[in-house]
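What follows is the content of model03.cif (mmCIF, C-alpha atoms and all ligand atoms).
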```cif
data_structure
#
loop_
_atom_site.label_atom_id
_atom_site.label_comp_id
_atom_site.auth_asym_id
_atom_site.auth_seq_id
_atom_site.Cartn_x
_atom_site.Cartn_y
_atom_site.Cartn_z
CA MET A 3 -2.61 -53.49 30.75
CA THR A 4 -2.46 -57.19 31.34
CA GLU A 5 -0.93 -58.50 34.53
CA PRO A 6 0.17 -62.07 35.13
CA LEU A 7 -2.86 -64.16 35.92
CA ASP A 8 -1.39 -65.79 39.03
CA LEU A 9 -3.00 -63.23 41.30
CA PHE A 10 -3.35 -65.11 44.55
CA SER A 11 -1.30 -67.80 46.15
CA THR A 12 -4.33 -69.28 47.92
CA PRO A 13 -6.14 -72.08 46.11
CA ASP A 14 -9.72 -71.19 45.22
CA ALA A 15 -11.41 -74.41 46.36
CA PRO A 16 -13.76 -74.98 48.16
CA ASN A 17 -16.53 -72.88 46.64
CA SER A 18 -14.44 -72.72 43.55
CA PRO A 19 -16.11 -70.85 40.71
CA GLY A 20 -17.66 -72.72 37.83
CA PRO A 21 -16.30 -72.55 34.31
CA ILE A 22 -14.59 -69.25 33.77
CA ARG A 23 -14.06 -67.41 30.54
CA ASP A 24 -12.64 -63.96 30.80
CA ALA A 25 -14.80 -60.97 30.03
CA GLU A 26 -12.86 -60.34 26.84
CA ALA A 27 -14.06 -63.70 25.58
CA ALA A 28 -17.63 -62.79 26.51
CA ALA A 29 -17.62 -59.32 24.92
CA PRO A 30 -14.96 -56.98 23.54
CA THR A 31 -13.70 -54.81 26.36
CA GLU A 32 -11.80 -52.33 24.25
CA ALA A 33 -14.49 -49.69 23.92
CA PRO A 34 -14.50 -46.10 22.64
CA ASP A 35 -16.08 -44.78 25.85
CA LEU A 36 -17.28 -45.75 29.30
CA ASP A 37 -20.96 -45.91 28.31
CA THR A 38 -20.19 -48.48 25.63
CA LEU A 39 -18.03 -50.47 28.02
CA ARG A 40 -20.75 -50.31 30.71
CA GLU A 41 -23.36 -51.59 28.26
CA ARG A 42 -21.15 -54.50 27.26
CA ALA A 43 -20.33 -55.34 30.87
CA ALA A 44 -24.05 -55.39 31.70
CA GLY A 45 -24.38 -58.63 29.78
CA CYS A 46 -21.26 -60.30 31.16
CA THR A 47 -21.53 -64.03 31.88
CA ALA A 48 -17.78 -64.70 32.06
CA CYS A 49 -18.17 -66.33 35.49
CA GLU A 50 -21.13 -67.74 37.39
CA LEU A 51 -21.52 -64.74 39.71
CA TYR A 52 -24.03 -63.09 37.37
CA GLU A 53 -26.53 -65.80 38.37
CA GLY A 54 -28.80 -64.68 41.18
CA THR A 55 -27.63 -61.07 41.19
CA THR A 56 -29.44 -57.96 40.02
CA GLY A 57 -26.69 -57.22 37.53
CA THR A 58 -23.22 -55.93 36.80
CA VAL A 59 -22.15 -53.12 39.11
CA PHE A 60 -19.97 -51.08 36.82
CA GLY A 61 -17.78 -48.16 37.89
CA VAL A 62 -19.18 -44.69 38.40
CA GLY A 63 -17.59 -41.30 37.82
CA PRO A 64 -16.32 -39.03 35.08
CA ALA A 65 -14.03 -40.37 32.33
CA THR A 66 -11.89 -37.31 33.09
CA ALA A 67 -11.36 -38.31 36.74
CA ARG A 68 -7.77 -37.88 37.92
CA MET A 69 -8.25 -40.26 40.80
CA MET A 70 -9.64 -43.78 40.59
CA PHE A 71 -10.59 -46.11 43.43
CA VAL A 72 -10.76 -49.87 43.03
CA GLY A 73 -12.65 -51.85 45.68
CA GLU A 74 -13.26 -55.59 45.95
CA GLN A 75 -16.78 -56.37 44.79
CA PRO A 76 -20.29 -54.94 45.24
CA GLY A 77 -22.19 -55.88 48.39
CA ASP A 78 -25.90 -56.54 48.84
CA GLN A 79 -26.94 -52.87 48.64
CA GLU A 80 -24.65 -52.15 45.72
CA ASP A 81 -26.16 -55.08 43.84
CA ARG A 82 -29.67 -53.76 44.45
CA ALA A 83 -28.75 -50.19 43.43
CA LEU A 84 -26.29 -51.28 40.69
CA GLU A 85 -23.84 -48.71 42.03
CA PRO A 86 -20.54 -49.22 43.83
CA PHE A 87 -20.04 -48.20 47.45
CA VAL A 88 -23.56 -47.14 48.40
CA GLY A 89 -23.96 -49.47 51.41
CA PRO A 90 -22.38 -49.30 54.90
CA ALA A 91 -18.79 -49.47 53.57
CA GLY A 92 -19.69 -46.78 51.05
CA ARG A 93 -20.98 -44.47 53.78
CA LEU A 94 -17.75 -44.87 55.72
CA PHE A 95 -15.81 -44.31 52.50
CA ASP A 96 -17.82 -41.13 51.77
CA GLY A 97 -17.07 -39.69 55.22
CA ALA A 98 -13.37 -40.49 54.92
CA LEU A 99 -13.23 -38.87 51.47
CA VAL A 100 -14.76 -35.67 52.87
CA GLU A 101 -12.18 -35.61 55.67
CA ALA A 102 -9.38 -36.14 53.17
CA GLY A 103 -10.68 -33.30 50.98
CA ILE A 104 -11.57 -35.53 48.04
CA ALA A 105 -14.82 -34.88 46.15
CA ARG A 106 -16.28 -38.30 45.35
CA GLU A 107 -18.08 -36.95 42.29
CA ASP A 108 -14.73 -35.99 40.78
CA ALA A 109 -13.32 -39.49 41.23
CA TYR A 110 -13.99 -42.74 39.38
CA VAL A 111 -15.05 -45.53 41.74
CA THR A 112 -15.15 -49.17 40.70
CA ASN A 113 -14.45 -52.71 41.87
CA ALA A 114 -12.12 -55.55 40.86
CA VAL A 115 -15.14 -57.86 40.61
CA LYS A 116 -18.38 -56.46 39.24
CA HIS A 117 -20.96 -58.96 40.47
CA PHE A 118 -21.94 -59.61 44.09
CA SER A 119 -20.51 -62.88 45.44
CA PHE A 120 -22.62 -64.24 48.27
CA ARG A 121 -24.03 -67.26 50.01
CA ARG A 122 -27.62 -67.49 51.19
CA GLN A 123 -28.53 -67.68 54.86
CA GLY A 124 -32.32 -67.78 55.07
CA ASN A 125 -33.49 -64.66 53.33
CA ARG A 126 -30.14 -62.95 53.72
CA ARG A 127 -27.33 -62.78 51.19
CA ILE A 128 -24.01 -62.95 53.01
CA HIS A 129 -20.90 -61.53 51.37
CA GLN A 130 -18.46 -64.16 50.21
CA ALA A 131 -14.96 -63.13 49.19
CA PRO A 132 -14.48 -63.47 45.44
CA LYS A 133 -12.17 -66.21 44.17
CA VAL A 134 -9.15 -65.69 42.00
CA GLY A 135 -11.15 -66.94 39.01
CA HIS A 136 -13.75 -64.21 39.55
CA VAL A 137 -11.07 -61.51 39.67
CA ARG A 138 -9.46 -62.97 36.57
CA ALA A 139 -12.74 -63.21 34.68
CA CYS A 140 -13.55 -59.58 35.46
CA ARG A 141 -10.09 -58.17 34.82
CA PRO A 142 -10.69 -57.11 31.22
CA TRP A 143 -13.49 -54.78 32.40
CA LEU A 144 -11.17 -53.18 34.94
CA ASP A 145 -8.47 -52.86 32.29
CA GLY A 146 -11.04 -51.26 30.00
CA GLU A 147 -11.96 -48.71 32.67
CA LEU A 148 -8.29 -47.97 33.40
CA ALA A 149 -7.56 -47.48 29.71
CA LEU A 150 -10.45 -45.03 29.30
CA VAL A 151 -10.08 -43.04 32.53
CA ARG A 152 -6.27 -43.11 32.68
CA PRO A 153 -6.18 -41.79 36.25
CA HIS A 154 -3.15 -39.95 37.62
CA VAL A 155 -3.64 -41.61 40.99
CA LEU A 156 -5.04 -45.07 41.51
CA VAL A 157 -6.11 -46.16 45.01
CA THR A 158 -6.73 -49.83 45.74
CA LEU A 159 -9.04 -50.53 48.67
CA GLY A 160 -8.20 -53.76 50.46
CA ALA A 161 -6.27 -56.92 49.70
CA THR A 162 -8.33 -58.18 46.77
CA ALA A 163 -7.93 -55.00 44.72
CA GLY A 164 -4.26 -54.73 45.75
CA LYS A 165 -3.52 -58.30 44.66
CA ALA A 166 -5.54 -57.89 41.50
CA LEU A 167 -3.28 -55.07 40.35
CA LEU A 168 0.00 -55.79 42.14
CA GLY A 169 0.07 -59.60 42.15
CA SER A 170 -0.19 -62.31 44.75
CA SER A 171 2.85 -61.15 46.72
CA PHE A 172 1.07 -57.92 47.71
CA ARG A 173 0.65 -57.64 51.49
CA ILE A 174 -1.80 -55.02 52.67
CA THR A 175 -0.40 -54.56 56.19
CA ALA A 176 3.18 -54.05 55.00
CA GLU A 177 2.47 -52.02 51.87
CA ARG A 178 -0.57 -49.86 52.52
CA GLY A 179 -0.05 -46.10 52.25
CA GLU A 180 3.10 -46.43 50.12
CA PRO A 181 2.70 -44.89 46.66
CA ARG A 182 4.46 -46.61 43.76
CA PRO A 183 4.61 -46.11 40.00
CA TRP A 184 2.25 -48.47 38.19
CA GLU A 185 1.57 -48.63 34.47
CA GLY A 186 2.04 -44.90 33.92
CA THR A 187 0.11 -43.86 37.02
CA THR A 188 0.81 -43.68 40.76
CA LEU A 189 -0.84 -46.44 42.73
CA ILE A 190 -1.40 -46.15 46.45
CA PRO A 191 -2.85 -49.16 48.25
CA THR A 192 -4.91 -48.73 51.38
CA ILE A 193 -7.25 -50.78 53.53
CA HIS A 194 -10.85 -51.56 52.67
CA PRO A 195 -13.49 -49.51 54.52
CA SER A 196 -15.23 -52.79 55.46
CA ALA A 197 -12.15 -53.75 57.46
CA ILE A 198 -12.83 -50.73 59.67
CA LEU A 199 -16.49 -51.72 60.08
CA ARG A 200 -15.38 -55.23 61.08
CA ALA A 201 -12.57 -54.08 63.42
CA ASP A 202 -12.23 -56.66 66.16
CA PRO A 203 -10.81 -55.38 69.48
CA ASP A 204 -10.09 -59.00 70.47
CA ARG A 205 -7.56 -59.06 67.62
CA GLY A 206 -6.07 -55.74 68.71
CA GLN A 207 -7.96 -53.77 66.07
CA ASP A 208 -9.15 -50.30 66.98
CA ALA A 209 -11.73 -48.90 64.57
CA ASP A 210 -10.89 -45.25 65.32
CA GLU A 211 -7.21 -45.82 64.71
CA MET A 212 -7.91 -47.76 61.51
CA ARG A 213 -10.18 -45.01 60.26
CA ALA A 214 -7.56 -42.35 61.01
CA GLY A 215 -4.98 -44.39 59.06
CA PHE A 216 -7.41 -44.77 56.19
CA VAL A 217 -8.02 -41.01 56.05
CA ALA A 218 -4.25 -40.39 56.20
CA ASP A 219 -3.74 -42.69 53.19
CA LEU A 220 -6.50 -40.87 51.29
CA ARG A 221 -4.89 -37.51 52.13
CA ARG A 222 -1.62 -38.83 50.77
CA ALA A 223 -3.41 -39.83 47.58
CA ALA A 224 -4.96 -36.35 47.32
CA GLU A 225 -1.54 -34.75 47.77
CA LEU A 226 -0.25 -36.70 44.79
CA LEU A 227 -2.62 -34.67 42.62
CA ARG A 228 -1.38 -31.28 43.87
N1 LIG B 1 -17.24 -53.16 49.03
C1 LIG B 1 -16.58 -53.05 47.84
O1 LIG B 1 -15.43 -53.47 47.71
N2 LIG B 1 -17.20 -52.45 46.86
C2 LIG B 1 -18.42 -51.96 46.94
O2 LIG B 1 -18.90 -51.43 45.94
C3 LIG B 1 -19.09 -52.09 48.17
C4 LIG B 1 -18.49 -52.69 49.20
#
```
As a first step, turn the structure in this file into structure tokens.
Amino acid sequence: MTEPLDLFSTPDAPNSPGPIRDAEAAAPTEAPDLDTLRERAAGCTACELYEGTTGTVFGVGPATARMMFVGEQPGDQEDRALEPFVGPAGRLFDGALVEAGIAREDAYVTNAVKHFSFRRQGNRRIHQAPKVGHVRACRPWLDGELALVRPHVLVTLGATAGKALLGSSFRITAERGEPRPWEGTTLIPTIHPSAILRADPDRGQDADEMRAGFVADLRRAAELLR
């Protein structure tokens, strides 16, 4: 499952990542099971993001999951807990899943980038969007998860995950909610729960409306399993 590496059209400077090797170069990512893959990913140094973080935030969920979610990257709380989607975006995600009738424990939840990318502001660590090199470096881990879980339905959350799997021409506003065949599964892109938390009324964004659209996309994903 290897996609073209030109994932984003935007250049990655400034803040461009340091020397990048992909994860496959750092450790074999073809593993017999998720536990083995998780152990290998724990030692990943394929990009510089591992420095200053608690560790690799690998995906969580059963290998038998029929639905898989791919987010962007762990946030501050996810890095501390070493679990994806346990912070504010995760709480919104959890509520939306309940409304859509999806049991989170039955799904596999992961991220395109598995280390927290941040800048320091005093004592705080402020989320910084991952660069194309980070997504590229991490891709073999995501491919490893996809190969082992082989979900029937794959949901990308936000632009980074969408571009990671669909390429740089992916446009979240135009394409969200539209299922399409992808590598033997059905992929449905939707918005990232953080976008709802950051909804800006001055830019015409209504958090309630965005949340309702998010739940509708998740319901659509759930229907694909029926
Ligand atoms: N945002 C993500 O994309 N992933 C997480 O795990 C948390 C927040």
Find the spatial neighbours of Gln130 (chain A), counting all atoms listed in the file, within a cut-off of 9 Å - ignore same-chain residues fewer than 5 positions away - and output them as a VMD selection string.
chain A and resid 118 to 121
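We find CA of Gln123 (chain A) and atom C2 of ligand LIG 1 (chain B) to be spaced 20.3 Å apart.
Of the residues under consideration (A:Leu189, A:Ala131, A:Leu227, A:Leu220), A:Ala131 shows the shortest atom-to-atom contact distance to ligand LIG 1 (chain B) when counting all atoms listed in the file.
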Residues at most 6 Å from region 61-74 of chain A, counting all atoms listed in the file, excluding those fewer than 5 positions away in the same chain, as JSON, numbers by chain?
{"A": [108, 109, 110, 111, 112, 113, 114, 151, 153, 154, 155, 156, 157, 158, 159, 162, 163]}
List as a Markdown table every residue of chain A that is in contact with ligand LIG 1 (chain B), defined as an atom at most 6 Å from one of its atoms (using only C-alpha atoms and all ligand atoms), together with the nearest atom pair and the distance in Å rounded to one decimal, sorted by chain and then rising number.
```
| residue | atom | partner | partner_atom | distance |
| --- | --- | --- | --- | --- |
| A:Gly73 | CA | B:LIG1 | O1 | 3.8 |
| A:Glu74 | CA | B:LIG1 | O1 | 3.5 |
| A:Gln75 | CA | B:LIG1 | O1 | 4.3 |
| A:Pro76 | CA | B:LIG1 | O2 | 3.8 |
| A:Gly77 | CA | B:LIG1 | C3 | 4.9 |
| A:Glu80 | CA | B:LIG1 | O2 | 5.8 |
| A:Pro86 | CA | B:LIG1 | O2 | 3.5 |
| A:Phe87 | CA | B:LIG1 | O2 | 3.7 |
| A:Ala91 | CA | B:LIG1 | C4 | 5.4 |
| A:Asn113 | CA | B:LIG1 | N2 | 5.7 |
```
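By all atoms listed in the file, and with residues fewer than 2 positions from region 24-41 of chain A along its chain excluded, the set lying at most 6 Å from it is Ala43, Ala44, Ala48, Ala139, Cys140, Pro142 and Gly146 of chain A.
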Please list as a tab-separated table (two decimals) with C-alpha atoms, in the frame of the given file every residue within 12 Å of Arg222 (chain A), counting all atoms listed in the file and excluding residues in the same chain fewer than 6 positions away.
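Just written: around-v4.tsv:
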```tsv
chain	number	residue	atom	x	y	z
A	99	LEU	CA	-13.23	-38.87	51.47
A	102	ALA	CA	-9.38	-36.14	53.17
A	103	GLY	CA	-10.68	-33.30	50.98
A	104	ILE	CA	-11.57	-35.53	48.04
A	155	VAL	CA	-3.64	-41.61	40.99
A	156	LEU	CA	-5.04	-45.07	41.51
A	157	VAL	CA	-6.11	-46.16	45.01
A	178	ARG	CA	-0.57	-49.86	52.52
A	179	GLY	CA	-0.05	-46.10	52.25
A	180	GLU	CA	3.10	-46.43	50.12
A	181	PRO	CA	2.70	-44.89	46.66
A	188	THR	CA	0.81	-43.68	40.76
A	189	LEU	CA	-0.84	-46.44	42.73
A	190	ILE	CA	-1.40	-46.15	46.45
A	191	PRO	CA	-2.85	-49.16	48.25
A	192	THR	CA	-4.91	-48.73	51.38
A	215	GLY	CA	-4.98	-44.39	59.06
A	216	PHE	CA	-7.41	-44.77	56.19
A	228	ARG	CA	-1.38	-31.28	43.87
```
Since the input is missing atoms, can you rebuild N, CA and C atoms for region 37-73 of chain A and write them as a PDB file, in the coordinates of the input?
```
ATOM      1  N   ASP A  37     -19.567 -45.471  28.472  1.00  0.00           N
ATOM      2  CA  ASP A  37     -20.960 -45.910  28.310  1.00  0.00           C
ATOM      3  C   ASP A  37     -21.028 -47.204  27.508  1.00  0.00           C
ATOM      4  N   THR A  38     -20.220 -47.270  26.456  1.00  0.00           N
ATOM      5  CA  THR A  38     -20.190 -48.480  25.630  1.00  0.00           C
ATOM      6  C   THR A  38     -19.672 -49.660  26.453  1.00  0.00           C
ATOM      7  N   LEU A  39     -18.609 -49.402  27.196  1.00  0.00           N
ATOM      8  CA  LEU A  39     -18.030 -50.470  28.020  1.00  0.00           C
ATOM      9  C   LEU A  39     -19.046 -50.944  29.070  1.00  0.00           C
ATOM     10  N   ARG A  40     -19.737 -49.973  29.678  1.00  0.00           N
ATOM     11  CA  ARG A  40     -20.750 -50.310  30.710  1.00  0.00           C
ATOM     12  C   ARG A  40     -21.856 -51.177  30.108  1.00  0.00           C
ATOM     13  N   GLU A  41     -22.297 -50.804  28.919  1.00  0.00           N
ATOM     14  CA  GLU A  41     -23.360 -51.590  28.260  1.00  0.00           C
ATOM     15  C   GLU A  41     -22.905 -53.018  27.987  1.00  0.00           C
ATOM     16  N   ARG A  42     -21.666 -53.151  27.536  1.00  0.00           N
ATOM     17  CA  ARG A  42     -21.150 -54.500  27.260  1.00  0.00           C
ATOM     18  C   ARG A  42     -21.019 -55.301  28.548  1.00  0.00           C
ATOM     19  N   ALA A  43     -20.530 -54.635  29.593  1.00  0.00           N
ATOM     20  CA  ALA A  43     -20.330 -55.340  30.870  1.00  0.00           C
ATOM     21  C   ALA A  43     -21.668 -55.788  31.465  1.00  0.00           C
ATOM     22  N   ALA A  44     -22.736 -55.061  31.137  1.00  0.00           N
ATOM     23  CA  ALA A  44     -24.050 -55.390  31.700  1.00  0.00           C
ATOM     24  C   ALA A  44     -24.484 -56.806  31.326  1.00  0.00           C
ATOM     25  N   GLY A  45     -23.981 -57.287  30.209  1.00  0.00           N
ATOM     26  CA  GLY A  45     -24.380 -58.630  29.780  1.00  0.00           C
ATOM     27  C   GLY A  45     -23.329 -59.687  30.071  1.00  0.00           C
ATOM     28  N   CYS A  46     -22.385 -59.376  30.951  1.00  0.00           N
ATOM     29  CA  CYS A  46     -21.260 -60.300  31.160  1.00  0.00           C
ATOM     30  C   CYS A  46     -21.691 -61.591  31.858  1.00  0.00           C
ATOM     31  N   THR A  47     -21.282 -62.717  31.270  1.00  0.00           N
ATOM     32  CA  THR A  47     -21.530 -64.030  31.880  1.00  0.00           C
ATOM     33  C   THR A  47     -20.200 -64.812  31.943  1.00  0.00           C
ATOM     34  N   ALA A  48     -19.111 -64.060  32.100  1.00  0.00           N
ATOM     35  CA  ALA A  48     -17.780 -64.700  32.060  1.00  0.00           C
ATOM     36  C   ALA A  48     -17.537 -65.608  33.262  1.00  0.00           C
ATOM     37  N   CYS A  49     -18.237 -65.383  34.368  1.00  0.00           N
ATOM     38  CA  CYS A  49     -18.170 -66.330  35.490  1.00  0.00           C
ATOM     39  C   CYS A  49     -19.597 -66.507  35.997  1.00  0.00           C
ATOM     40  N   GLU A  50     -19.766 -67.406  36.957  1.00  0.00           N
ATOM     41  CA  GLU A  50     -21.130 -67.740  37.390  1.00  0.00           C
ATOM     42  C   GLU A  50     -21.748 -66.696  38.314  1.00  0.00           C
ATOM     43  N   LEU A  51     -20.980 -65.681  38.723  1.00  0.00           N
ATOM     44  CA  LEU A  51     -21.520 -64.740  39.710  1.00  0.00           C
ATOM     45  C   LEU A  51     -22.722 -63.947  39.197  1.00  0.00           C
ATOM     46  N   TYR A  52     -22.877 -63.859  37.894  1.00  0.00           N
ATOM     47  CA  TYR A  52     -24.030 -63.090  37.370  1.00  0.00           C
ATOM     48  C   TYR A  52     -25.353 -63.761  37.748  1.00  0.00           C
ATOM     49  N   GLU A  53     -25.295 -65.080  38.039  1.00  0.00           N
ATOM     50  CA  GLU A  53     -26.530 -65.800  38.370  1.00  0.00           C
ATOM     51  C   GLU A  53     -27.003 -65.380  39.760  1.00  0.00           C
ATOM     52  N   GLY A  54     -28.229 -65.005  39.863  1.00  0.00           N
ATOM     53  CA  GLY A  54     -28.800 -64.680  41.180  1.00  0.00           C
ATOM     54  C   GLY A  54     -28.478 -63.279  41.654  1.00  0.00           C
ATOM     55  N   THR A  55     -27.859 -62.469  40.798  1.00  0.00           N
ATOM     56  CA  THR A  55     -27.630 -61.070  41.190  1.00  0.00           C
ATOM     57  C   THR A  55     -28.527 -60.169  40.350  1.00  0.00           C
ATOM     58  N   THR A  56     -28.635 -58.913  40.793  1.00  0.00           N
ATOM     59  CA  THR A  56     -29.440 -57.960  40.020  1.00  0.00           C
ATOM     60  C   THR A  56     -28.725 -57.645  38.704  1.00  0.00           C
ATOM     61  N   GLY A  57     -27.420 -57.513  38.763  1.00  0.00           N
ATOM     62  CA  GLY A  57     -26.690 -57.220  37.530  1.00  0.00           C
ATOM     63  C   GLY A  57     -25.255 -56.809  37.795  1.00  0.00           C
ATOM     64  N   THR A  58     -24.614 -56.377  36.728  1.00  0.00           N
ATOM     65  CA  THR A  58     -23.220 -55.930  36.800  1.00  0.00           C
ATOM     66  C   THR A  58     -23.176 -54.555  37.463  1.00  0.00           C
ATOM     67  N   VAL A  59     -22.335 -54.428  38.458  1.00  0.00           N
ATOM     68  CA  VAL A  59     -22.150 -53.120  39.110  1.00  0.00           C
ATOM     69  C   VAL A  59     -20.883 -52.513  38.525  1.00  0.00           C
ATOM     70  N   PHE A  60     -21.087 -51.685  37.538  1.00  0.00           N
ATOM     71  CA  PHE A  60     -19.970 -51.080  36.820  1.00  0.00           C
ATOM     72  C   PHE A  60     -19.496 -49.845  37.584  1.00  0.00           C
ATOM     73  N   GLY A  61     -18.310 -49.344  37.221  1.00  0.00           N
ATOM     74  CA  GLY A  61     -17.780 -48.160  37.890  1.00  0.00           C
ATOM     75  C   GLY A  61     -18.621 -46.924  37.617  1.00  0.00           C
ATOM     76  N   VAL A  62     -18.435 -45.942  38.498  1.00  0.00           N
ATOM     77  CA  VAL A  62     -19.180 -44.690  38.400  1.00  0.00           C
ATOM     78  C   VAL A  62     -18.201 -43.524  38.525  1.00  0.00           C
ATOM     79  N   GLY A  63     -18.426 -42.498  37.721  1.00  0.00           N
ATOM     80  CA  GLY A  63     -17.590 -41.300  37.820  1.00  0.00           C
ATOM     81  C   GLY A  63     -17.219 -40.810  36.433  1.00  0.00           C
ATOM     82  N   PRO A  64     -16.644 -39.617  36.382  1.00  0.00           N
ATOM     83  CA  PRO A  64     -16.320 -39.030  35.080  1.00  0.00           C
ATOM     84  C   PRO A  64     -15.128 -39.723  34.407  1.00  0.00           C
ATOM     85  N   ALA A  65     -15.159 -39.794  33.094  1.00  0.00           N
ATOM     86  CA  ALA A  65     -14.030 -40.370  32.330  1.00  0.00           C
ATOM     87  C   ALA A  65     -12.792 -39.500  32.490  1.00  0.00           C
ATOM     88  N   THR A  66     -13.004 -38.252  32.931  1.00  0.00           N
ATOM     89  CA  THR A  66     -11.890 -37.310  33.090  1.00  0.00           C
ATOM     90  C   THR A  66     -11.309 -37.354  34.513  1.00  0.00           C
ATOM     91  N   ALA A  67     -11.806 -38.265  35.335  1.00  0.00           N
ATOM     92  CA  ALA A  67     -11.360 -38.310  36.740  1.00  0.00           C
ATOM     93  C   ALA A  67      -9.844 -38.471  36.811  1.00  0.00           C
ATOM     94  N   ARG A  68      -9.228 -37.744  37.737  1.00  0.00           N
ATOM     95  CA  ARG A  68      -7.770 -37.880  37.920  1.00  0.00           C
ATOM     96  C   ARG A  68      -7.442 -38.890  38.991  1.00  0.00           C
ATOM     97  N   MET A  69      -8.471 -39.266  39.760  1.00  0.00           N
ATOM     98  CA  MET A  69      -8.250 -40.260  40.800  1.00  0.00           C
ATOM     99  C   MET A  69      -9.254 -41.397  40.612  1.00  0.00           C
ATOM    100  N   MET A  70      -8.754 -42.620  40.745  1.00  0.00           N
ATOM    101  CA  MET A  70      -9.640 -43.780  40.590  1.00  0.00           C
ATOM    102  C   MET A  70      -9.475 -44.688  41.800  1.00  0.00           C
ATOM    103  N   PHE A  71     -10.597 -45.176  42.314  1.00  0.00           N
ATOM    104  CA  PHE A  71     -10.590 -46.110  43.430  1.00  0.00           C
ATOM    105  C   PHE A  71     -11.063 -47.472  42.930  1.00  0.00           C
ATOM    106  N   VAL A  72     -10.355 -48.506  43.380  1.00  0.00           N
ATOM    107  CA  VAL A  72     -10.760 -49.870  43.030  1.00  0.00           C
ATOM    108  C   VAL A  72     -11.027 -50.645  44.318  1.00  0.00           C
ATOM    109  N   GLY A  73     -12.287 -51.036  44.521  1.00  0.00           N
ATOM    110  CA  GLY A  73     -12.650 -51.850  45.680  1.00  0.00           C
ATOM    111  C   GLY A  73     -12.639 -53.325  45.321  1.00  0.00           C
TER     112      GLY A  73
END
```
